[in-house]
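Peer 1: Structure supplied as target_3.txt; contents: compact mmCIF, C-alpha atoms and all ligand atoms.
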```txt
# COMPACT_ATOMS: atom_id res chain seq x y z
CA MET A 977 73.38 80.88 18.38
CA ALA A 978 71.77 77.93 16.62
CA HIS A 979 69.79 75.45 18.70
CA ILE A 980 71.63 72.31 19.65
CA ILE A 981 68.82 69.79 19.97
CA PRO A 982 69.74 66.65 21.93
CA GLU A 983 69.09 63.45 19.97
CA ASP A 984 67.43 61.77 22.95
CA GLY A 985 64.27 63.88 22.51
CA THR A 986 64.33 65.36 26.04
CA LEU A 987 64.29 68.93 24.67
CA LEU A 988 62.05 69.99 21.79
CA PRO A 989 61.45 73.34 20.05
CA LEU A 990 57.93 74.16 21.24
CA MET A 991 56.04 76.76 19.20
CA GLU A 992 52.76 76.58 21.13
CA GLU A 993 50.60 74.27 23.22
CA PHE A 994 46.85 74.64 23.51
CA TYR A 995 43.77 72.72 24.62
CA THR A 996 41.13 72.57 21.91
CA ILE A 997 38.93 70.28 19.82
CA GLN A 998 40.55 68.16 17.11
CA GLY A 999 39.17 69.86 14.00
CA GLU A 1000 40.19 67.43 11.25
CA GLY A 1001 40.05 63.81 10.21
CA PHE A 1002 38.91 60.71 12.08
CA ASN A 1003 39.07 62.26 15.57
CA THR A 1004 37.15 65.43 14.64
CA GLY A 1005 35.10 66.77 17.52
CA LYS A 1006 37.18 65.22 20.32
CA ALA A 1007 38.96 67.40 22.90
CA ALA A 1008 42.76 67.14 22.87
CA TYR A 1009 45.87 69.00 24.02
CA PHE A 1010 47.90 70.19 21.01
CA ILE A 1011 51.69 70.36 21.05
CA ARG A 1012 53.05 72.26 18.06
CA LEU A 1013 56.78 71.75 17.46
CA GLY A 1014 58.72 74.28 15.36
CA GLY A 1015 60.73 73.30 12.28
CA CYS A 1016 59.64 72.19 8.81
CA ASP A 1017 61.47 72.04 5.47
CA VAL A 1018 58.68 70.49 3.39
CA GLY A 1019 57.65 73.90 2.02
CA CYS A 1020 53.93 73.59 1.18
CA HIS A 1021 53.14 76.95 -0.45
CA TRP A 1022 49.63 76.90 1.09
CA CYS A 1023 50.73 75.86 4.63
CA ASP A 1024 48.52 77.50 7.27
CA VAL A 1025 51.30 77.66 9.92
CA LYS A 1026 54.34 79.06 8.10
CA GLU A 1027 55.40 80.71 11.39
CA SER A 1028 56.33 77.20 12.51
CA TRP A 1029 58.95 76.57 9.80
CA ASP A 1030 62.03 78.10 11.45
CA ALA A 1031 62.86 75.95 14.48
CA GLU A 1032 65.29 78.60 15.75
CA LEU A 1033 62.36 80.89 16.59
CA HIS A 1034 60.88 78.38 19.05
CA ALA A 1035 62.32 77.86 22.52
CA LEU A 1036 63.77 74.49 23.41
CA THR A 1037 61.42 73.10 26.03
CA SER A 1038 61.77 70.09 28.28
CA ALA A 1039 59.59 67.17 27.19
CA ASP A 1040 58.86 66.54 30.91
CA THR A 1041 57.38 70.05 31.19
CA ILE A 1042 55.23 69.48 28.09
CA VAL A 1043 53.91 66.22 29.61
CA GLU A 1044 53.15 67.99 32.94
CA HIS A 1045 51.13 70.64 31.09
CA ALA A 1046 49.26 68.04 29.02
CA ALA A 1047 48.34 66.05 32.15
CA LEU A 1048 46.54 69.09 33.64
CA HIS A 1049 43.71 68.88 31.07
CA PRO A 1050 40.58 66.72 31.29
CA ALA A 1051 40.96 64.99 27.91
CA LYS A 1052 43.73 62.41 28.14
CA ALA A 1053 44.75 62.84 24.50
CA VAL A 1054 47.59 64.80 22.92
CA VAL A 1055 48.00 65.75 19.26
CA VAL A 1056 51.66 66.29 18.36
CA THR A 1057 51.90 68.52 15.29
CA GLY A 1058 54.05 71.27 13.85
CA GLY A 1059 55.92 72.16 11.80
CA GLU A 1060 56.97 68.63 10.96
CA PRO A 1061 57.15 66.75 14.27
CA LEU A 1062 58.99 63.71 12.84
CA ILE A 1063 62.11 65.83 12.34
CA TYR A 1064 62.65 65.07 16.05
CA ASN A 1065 63.05 61.91 18.05
CA LEU A 1066 59.63 61.59 19.71
CA ASP A 1067 60.33 58.34 21.63
CA TYR A 1068 60.90 60.05 24.99
CA LEU A 1069 57.91 62.44 24.75
CA THR A 1070 55.41 59.76 23.72
CA GLU A 1071 56.67 57.22 26.25
CA LYS A 1072 56.18 59.75 29.07
CA LEU A 1073 52.74 60.77 27.78
CA GLN A 1074 51.59 57.15 27.64
CA GLN A 1075 53.06 56.45 31.11
CA ASN A 1076 50.75 59.25 32.31
CA GLY A 1077 47.72 57.59 30.71
CA ILE A 1078 47.60 60.06 27.82
CA LYS A 1079 46.82 58.83 24.29
CA THR A 1080 49.30 59.98 21.63
CA PHE A 1081 48.16 61.23 18.24
CA ILE A 1082 50.42 62.66 15.53
CA GLU A 1083 49.84 64.88 12.49
CA THR A 1084 52.68 64.30 10.03
CA SER A 1085 53.68 64.68 6.40
CA GLY A 1086 55.69 61.46 6.83
CA ALA A 1087 58.74 63.14 5.29
CA TYR A 1088 61.00 61.77 8.07
CA PRO A 1089 61.30 58.28 9.59
CA LEU A 1090 58.85 57.36 12.30
CA SER A 1091 59.86 57.77 15.94
CA GLY A 1092 57.58 57.65 18.99
CA SER A 1093 54.87 55.31 20.20
CA TRP A 1094 51.51 56.31 18.71
CA ASP A 1095 47.87 55.52 19.40
CA TRP A 1096 46.90 57.31 16.17
CA ILE A 1097 48.96 58.35 13.16
CA CYS A 1098 47.49 60.82 10.67
CA LEU A 1099 49.60 60.91 7.52
CA SER A 1100 49.11 63.92 5.24
CA PRO A 1101 51.59 63.31 2.39
CA LYS A 1102 53.02 66.22 0.44
CA LYS A 1103 54.25 66.46 -3.18
CA PHE A 1104 56.97 68.84 -2.03
CA LYS A 1105 58.73 66.08 0.02
CA ALA A 1106 57.18 62.64 -0.37
CA PRO A 1107 56.60 60.42 2.68
CA VAL A 1108 58.82 57.52 3.67
CA LYS A 1109 57.12 54.15 2.99
CA GLU A 1110 57.34 52.98 6.60
CA VAL A 1111 55.13 55.87 7.84
CA ALA A 1112 52.53 55.07 5.16
CA LYS A 1113 52.43 51.41 6.28
CA GLN A 1114 51.85 52.42 9.93
CA ALA A 1115 49.26 55.17 9.31
CA HIS A 1116 45.77 54.85 10.83
CA GLU A 1117 44.51 57.71 8.68
CA LEU A 1118 45.55 59.14 5.30
CA LYS A 1119 44.44 62.76 4.91
CA VAL A 1120 45.23 64.24 1.50
CA ILE A 1121 44.90 68.00 1.00
CA VAL A 1122 43.19 68.84 -2.29
CA PHE A 1123 44.52 72.07 -3.80
CA ASN A 1124 43.85 71.15 -7.44
CA LYS A 1125 42.62 68.25 -9.61
CA SER A 1126 46.02 66.55 -9.69
CA ASP A 1127 45.68 65.83 -5.97
CA PHE A 1128 43.08 63.11 -6.60
CA LEU A 1129 45.70 61.01 -8.39
CA TRP A 1130 48.24 61.81 -5.64
CA ALA A 1131 45.62 60.62 -3.13
CA GLU A 1132 45.10 57.29 -4.94
CA GLU A 1133 48.86 56.69 -5.21
CA HIS A 1134 49.13 57.00 -1.42
CA ALA A 1135 45.98 54.98 -0.74
CA ALA A 1136 47.86 52.13 -2.46
CA MET A 1137 50.74 52.49 0.04
CA VAL A 1138 48.81 52.40 3.35
CA GLY A 1139 47.65 49.32 5.26
CA PRO A 1140 44.20 47.71 4.76
CA GLY A 1141 42.45 49.30 7.78
CA CYS A 1142 43.65 52.84 7.10
CA LYS A 1143 40.89 55.50 6.93
CA LEU A 1144 40.97 57.65 3.78
CA TYR A 1145 40.17 61.39 3.81
CA LEU A 1146 40.16 64.19 1.27
CA GLN A 1147 40.46 67.65 2.83
CA PRO A 1148 40.08 70.85 0.81
CA GLU A 1149 42.99 73.27 0.94
CA TRP A 1150 41.48 76.19 2.87
CA SER A 1151 41.99 78.99 0.31
CA LYS A 1152 40.70 76.79 -2.55
CA SER A 1153 37.71 75.36 -0.63
CA LYS A 1154 35.04 77.11 -2.68
CA GLU A 1155 36.42 75.70 -5.94
CA MET A 1156 37.49 72.25 -4.71
CA ILE A 1157 34.59 71.24 -2.41
CA PRO A 1158 32.19 70.46 -5.30
CA GLN A 1159 34.89 68.33 -6.97
CA ILE A 1160 35.66 66.52 -3.69
CA VAL A 1161 31.95 65.84 -3.11
CA ASP A 1162 31.65 64.40 -6.59
CA TYR A 1163 34.83 62.34 -6.16
CA VAL A 1164 33.68 60.81 -2.86
CA MET A 1165 30.26 59.92 -4.27
CA ASN A 1166 31.99 58.09 -7.12
CA ASN A 1167 34.79 56.62 -4.94
CA PRO A 1168 33.16 55.92 -1.58
CA LYS A 1169 36.24 54.41 0.07
CA TRP A 1170 37.14 58.11 0.59
CA GLU A 1171 35.49 60.43 3.13
CA ILE A 1172 35.52 64.23 3.42
CA SER A 1173 37.50 65.96 6.17
CA LEU A 1174 36.98 69.68 6.80
CA GLN A 1175 39.03 72.01 9.01
CA THR A 1176 36.06 72.39 11.36
CA HIS A 1177 38.01 74.47 13.92
CA LYS A 1178 38.22 77.26 11.32
CA TYR A 1179 34.42 77.32 11.03
CA LEU A 1180 34.09 77.15 14.84
CA ASN A 1181 36.61 79.99 15.36
CA ILE A 1182 38.68 78.00 17.82
CA PRO A 1183 42.46 77.32 17.67
C1 LIG B 1201 50.18 72.34 9.62
S1 LIG B 1201 50.28 70.63 9.35
C2 LIG B 1201 51.49 70.12 10.57
C3 LIG B 1201 51.80 68.64 10.56
C4 LIG B 1201 52.59 68.13 9.35
N1 LIG B 1201 53.64 69.00 8.95
C5 LIG B 1201 51.68 67.84 8.19
O1 LIG B 1201 51.70 68.58 7.22
O2 LIG B 1201 50.93 66.86 8.28
C6 LIG B 1201 48.74 70.00 10.07
C7 LIG B 1201 47.67 69.59 9.10
O3 LIG B 1201 47.16 70.74 8.44
C8 LIG B 1201 47.02 70.48 7.07
N2 LIG B 1201 47.03 71.77 6.39
C9 LIG B 1201 48.03 72.68 6.41
N3 LIG B 1201 47.71 73.77 5.70
C10 LIG B 1201 46.47 73.56 5.20
C11 LIG B 1201 45.59 74.31 4.37
N4 LIG B 1201 45.93 75.51 3.89
N5 LIG B 1201 44.38 73.78 4.07
C12 LIG B 1201 44.03 72.56 4.54
N6 LIG B 1201 44.81 71.79 5.33
C13 LIG B 1201 46.01 72.28 5.65
C14 LIG B 1201 48.21 69.57 6.79
O4 LIG B 1201 48.09 68.84 5.59
C15 LIG B 1201 48.17 68.66 8.00
O5 LIG B 1201 47.25 67.62 7.80
N1 LIG B 1202 41.55 72.45 16.24
C1 LIG B 1202 42.59 72.09 15.49
N2 LIG B 1202 42.62 70.85 14.95
C2 LIG B 1202 43.72 70.51 14.23
N3 LIG B 1202 43.99 69.31 13.66
C3 LIG B 1202 45.21 69.36 13.11
C4 LIG B 1202 45.76 70.62 13.31
C5 LIG B 1202 47.16 70.95 13.01
O1 LIG B 1202 47.50 72.11 12.78
O2 LIG B 1202 47.95 70.01 13.02
C6 LIG B 1202 44.80 71.37 14.02
C7 LIG B 1202 44.73 72.69 14.55
O3 LIG B 1202 45.59 73.56 14.36
N4 LIG B 1202 43.60 72.98 15.29
S1 LIG B 1203 54.54 69.70 5.88
FE1 LIG B 1203 52.97 70.50 7.27
S2 LIG B 1203 53.97 72.15 8.46
FE2 LIG B 1203 55.32 71.64 6.76
S3 LIG B 1203 54.82 73.14 5.20
FE3 LIG B 1203 53.54 71.34 4.78
S4 LIG B 1203 51.60 71.67 5.91
FE4 LIG B 1203 53.13 73.14 6.69
MG MG B 1204 46.20 73.55 11.92
```
For the structure just supplied, provide its representation as structure tokens.
Peer 2:
Amino acid sequence: MAHIIPEDGTLLPLMEEFYTIQGEGFNTGKAAYFIRLGGCDVGCHWCDVKESWDAELHALTSADTIVEHAALHPAKAVVVTGGEPLIYNLDYLTEKLQQNGIKTFIETSGAYPLSGSWDWICLSPKKFKAPVKEVAKQAHELKVIVFNKSDFLWAEEHAAMVGPGCKLYLQPEWSKSKEMIPQIVDYVMNNPKWEISLQTHKYLNIP
């Protein structure tokens, strides 16, 4: 039987939850509780969590339970990721997290309209399903994955869509790191509004 997911956001398809160190982007190095929601139809061929794509494989879990689990950990920060978390209405989850004194961070492709109340929005736009303009305007951080040369132009097109204070990152696609890192280094030296983001958790062998 297919999941029937209530629109009020009280039940969400939870793939996994884990306490770790944010490995990427502006908040790299900071402890956070990760909530990974199942379901994504963006279809990045290099996605490093393809097991997340089919929401049906991930049990519907009460948002209250997720908040209880998050509150048990010393770092009062949650990263909501996926899958594509903005497929779901995240208003209820984020309101409860913030009521419990927990900061709310999201990792999103921006392919769906924004819901939820966020302390930090990391937008990682994808060619396979472009982001909605509203998410770009609200983003605190733009993190573009560089798989080939054409991604530098894609990065600049999205840098033009974000707000003035938004941090700009180029992150090598993991399997193409060896080839793309020298080009990213060169690009950032020539275009210093950009910074490099690496998937440091993969080097640290942590989740
Ligand atoms: C798995 S995605 C989930 C959240 C959301 N669907 C998104 O793409 O932003 C989490 C982050 O990992 C990045 N990512 C996924 N696969 C990657 C890979 N092979 N190399 C580098 N970054 C990757 C995404 O761009 C995103 O910033
Ligand atoms: N440590 C760690 N940091 C991360 N930052 C973003 C991640 C994600 O998959 O969304 C991620 C992840 O999977 N692990
Ligand atoms: S949008 Fe995110 S979760 Fe979906 S396929 Fe792309 S990287 Fe994977
Ligand atoms: Mg990851």
Peer 1: Restrict the calculation to all atoms listed in the file, then for each residue of chain A with any atom at most 10 Å from an atom of ligand LIG 1203 (chain B) give the closest atom pair and their distance in Å to one decimal, rows by chain and rising residue number, as CSV.
Peer 2:
```
residue,atom,partner,partner_atom,distance
A:Arg1012,CA,B:LIG1203,S2,9.6
A:Leu1013,CA,B:LIG1203,S2,9.4
A:Gly1014,CA,B:LIG1203,S2,8.6
A:Gly1015,CA,B:LIG1203,S2,7.8
A:Cys1016,CA,B:LIG1203,FE2,4.8
A:Asp1017,CA,B:LIG1203,FE2,6.3
A:Val1018,CA,B:LIG1203,S1,4.9
A:Gly1019,CA,B:LIG1203,S3,4.3
A:Cys1020,CA,B:LIG1203,S3,4.1
A:His1021,CA,B:LIG1203,S3,7.0
A:Trp1022,CA,B:LIG1203,S4,7.4
A:Cys1023,CA,B:LIG1203,FE4,4.2
A:Asp1024,CA,B:LIG1203,FE4,6.4
A:Val1025,CA,B:LIG1203,FE4,5.8
A:Lys1026,CA,B:LIG1203,FE4,6.2
A:Glu1027,CA,B:LIG1203,S2,9.2
A:Ser1028,CA,B:LIG1203,S2,6.9
A:Trp1029,CA,B:LIG1203,S2,6.8
A:Thr1057,CA,B:LIG1203,S2,8.0
A:Gly1058,CA,B:LIG1203,S2,5.5
A:Gly1059,CA,B:LIG1203,S2,3.9
A:Glu1060,CA,B:LIG1203,S2,5.3
A:Pro1061,CA,B:LIG1203,S2,8.5
A:Glu1083,CA,B:LIG1203,FE1,8.3
A:Thr1084,CA,B:LIG1203,FE1,6.8
A:Ser1085,CA,B:LIG1203,S1,5.1
A:Gly1086,CA,B:LIG1203,S1,8.4
A:Ala1087,CA,B:LIG1203,S1,7.8
A:Ser1100,CA,B:LIG1203,FE1,7.9
A:Pro1101,CA,B:LIG1203,S1,7.9
A:Lys1102,CA,B:LIG1203,S1,6.6
A:Lys1103,CA,B:LIG1203,FE3,9.4
A:Phe1104,CA,B:LIG1203,FE3,8.0
A:Lys1105,CA,B:LIG1203,S1,8.1
A:Ala1106,CA,B:LIG1203,S1,9.8
A:Ile1121,CA,B:LIG1203,S4,9.1
```
Peer 1: Please produce a file of those selected residues containing C-alpha atoms, as an mmCIF file, keeping the file's coordinate frame.
Peer 2:
```cif
data_model
loop_
_atom_site.group_PDB
_atom_site.id
_atom_site.type_symbol
_atom_site.label_atom_id
_atom_site.label_comp_id
_atom_site.auth_asym_id
_atom_site.auth_seq_id
_atom_site.Cartn_x
_atom_site.Cartn_y
_atom_site.Cartn_z
ATOM 1 C CA ARG A 1012 53.050 72.260 18.060
ATOM 2 C CA LEU A 1013 56.780 71.750 17.460
ATOM 3 C CA GLY A 1014 58.720 74.280 15.360
ATOM 4 C CA GLY A 1015 60.730 73.300 12.280
ATOM 5 C CA CYS A 1016 59.640 72.190 8.810
ATOM 6 C CA ASP A 1017 61.470 72.040 5.470
ATOM 7 C CA VAL A 1018 58.680 70.490 3.390
ATOM 8 C CA GLY A 1019 57.650 73.900 2.020
ATOM 9 C CA CYS A 1020 53.930 73.590 1.180
ATOM 10 C CA HIS A 1021 53.140 76.950 -0.450
ATOM 11 C CA TRP A 1022 49.630 76.900 1.090
ATOM 12 C CA CYS A 1023 50.730 75.860 4.630
ATOM 13 C CA ASP A 1024 48.520 77.500 7.270
ATOM 14 C CA VAL A 1025 51.300 77.660 9.920
ATOM 15 C CA LYS A 1026 54.340 79.060 8.100
ATOM 16 C CA GLU A 1027 55.400 80.710 11.390
ATOM 17 C CA SER A 1028 56.330 77.200 12.510
ATOM 18 C CA TRP A 1029 58.950 76.570 9.800
ATOM 19 C CA THR A 1057 51.900 68.520 15.290
ATOM 20 C CA GLY A 1058 54.050 71.270 13.850
ATOM 21 C CA GLY A 1059 55.920 72.160 11.800
ATOM 22 C CA GLU A 1060 56.970 68.630 10.960
ATOM 23 C CA PRO A 1061 57.150 66.750 14.270
ATOM 24 C CA GLU A 1083 49.840 64.880 12.490
ATOM 25 C CA THR A 1084 52.680 64.300 10.030
ATOM 26 C CA SER A 1085 53.680 64.680 6.400
ATOM 27 C CA GLY A 1086 55.690 61.460 6.830
ATOM 28 C CA ALA A 1087 58.740 63.140 5.290
ATOM 29 C CA SER A 1100 49.110 63.920 5.240
ATOM 30 C CA PRO A 1101 51.590 63.310 2.390
ATOM 31 C CA LYS A 1102 53.020 66.220 0.440
ATOM 32 C CA LYS A 1103 54.250 66.460 -3.180
ATOM 33 C CA PHE A 1104 56.970 68.840 -2.030
ATOM 34 C CA LYS A 1105 58.730 66.080 0.020
ATOM 35 C CA ALA A 1106 57.180 62.640 -0.370
ATOM 36 C CA ILE A 1121 44.900 68.000 1.000
#
```
Peer 1: Please provide as a ChimeraX atom specification all residues within 9 Å of region 1122-1136 of chain A, with the sequence filter that same-chain residues fewer than 4 positions apart are discarded (counting all atoms listed in the file).
Peer 2: /A:1022,1101-1103,1112,1118,1142,1144-1153,1155-1157,1159-1160,1163
Peer 1: What does the distance between CA of Gly1092 (chain A) and CA of Ala978 (chain A) come to in Å, to one decimal place?
Peer 2: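 Separating CA of Gly1092 (chain A) from CA of Ala978 (chain A) is a distance of 24.9 Å.
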Peer 1: Could you tell me which of A:Ile980, A:Val1111, A:Ala1035, A:Val1056 comes closest to Tyr995 (chain A) if we count only C-alpha atoms?
Peer 2: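 Counting only C-alpha atoms, the residue closest to Tyr995 (chain A) is A:Val1056.
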Peer 1: Give me, as a PDB file with C-alpha atoms, in the coordinates of the input, all polymer residues having an atom no more than 7 Å from Phe994 (chain A), counting all atoms listed in the file and skipping those fewer than 2 positions away in the same chain.
Peer 2:
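Saved the output as around_39.pdb:
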```
ATOM      1  CA  GLU A 992      52.760  76.580  21.130  1.00  0.00           C
ATOM      2  CA  THR A 996      41.130  72.570  21.910  1.00  0.00           C
ATOM      3  CA  TYR A1009      45.870  69.000  24.020  1.00  0.00           C
ATOM      4  CA  PHE A1010      47.900  70.190  21.010  1.00  0.00           C
ATOM      5  CA  ILE A1011      51.690  70.360  21.050  1.00  0.00           C
TER       6      ILE A1011
END
```
Peer 1: Would you please work out which residue, of A:Glu1071, A:Glu1000, A:Asp1162, A:Glu1171, is nearest to Ala1039 (chain A) when using all atoms listed in the file?
Peer 2: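 So, comparing all the options, the nearest one is A:Glu1071.
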Peer 1: By how many Å are CA of Gln998 (chain A) and CA of Gln1114 (chain A) apart?
Peer 2: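 Rounded to one decimal, the two atoms are 20.7 Å apart.
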Peer 1: To one decimal place, how far is CA of Tyr1179 (chain A) from CA of Thr1080 (chain A) in Å?
Peer 2: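 These atoms are spaced 25.2 Å apart.
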Peer 1: From the options A:Pro1107, A:Pro1183, A:Pro989, A:Gly999, which residue's atoms come nearest to Tyr1088 (chain A), counting all atoms listed in the file?
Peer 2: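 Result for the nearest residue to Tyr1088 (chain A): A:Pro1107.
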Peer 1: From the set A:Leu990, A:Cys1098, A:Ile981, A:Leu1073, which residue has the shortest atom-to-atom contact distance to ligand LIG 1201 (chain B), counting only C-alpha atoms and all ligand atoms?
Peer 2: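 Result for the nearest residue to ligand LIG 1201 (chain B): A:Cys1098.
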Peer 1: When distances are computed from all atoms listed in the file, which of A:Asn1065, A:Asn1181, A:Gln1175, A:Thr1041 shows the smallest separation from ligand MG 1204 (chain B)?
Peer 2: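 Among the listed residues, the smallest separation from ligand MG 1204 (chain B) belongs to A:Gln1175.
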Peer 1: Looking at A:Ile1182, A:Ile1042, A:Met1165, A:Lys1006, which one is nearest to Asn1076 (chain A), with distances taken over all atoms listed in the file?
Peer 2: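 Looking at the shortest contact to Asn1076 (chain A), the residue is A:Ile1042.
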Peer 1: Edge lengths and centre, in Å to one decimal, as lines of an AutoDock Vina configuration file: that's what I need for the box along x, y and z that holds all listed atoms of region 995-1013 of chain A plus 8 Å on each side.
Peer 2:
```
center_x = 45.9
center_y = 66.7
center_z = 17.4
size_x = 37.7
size_y = 28.0
size_z = 30.4
```
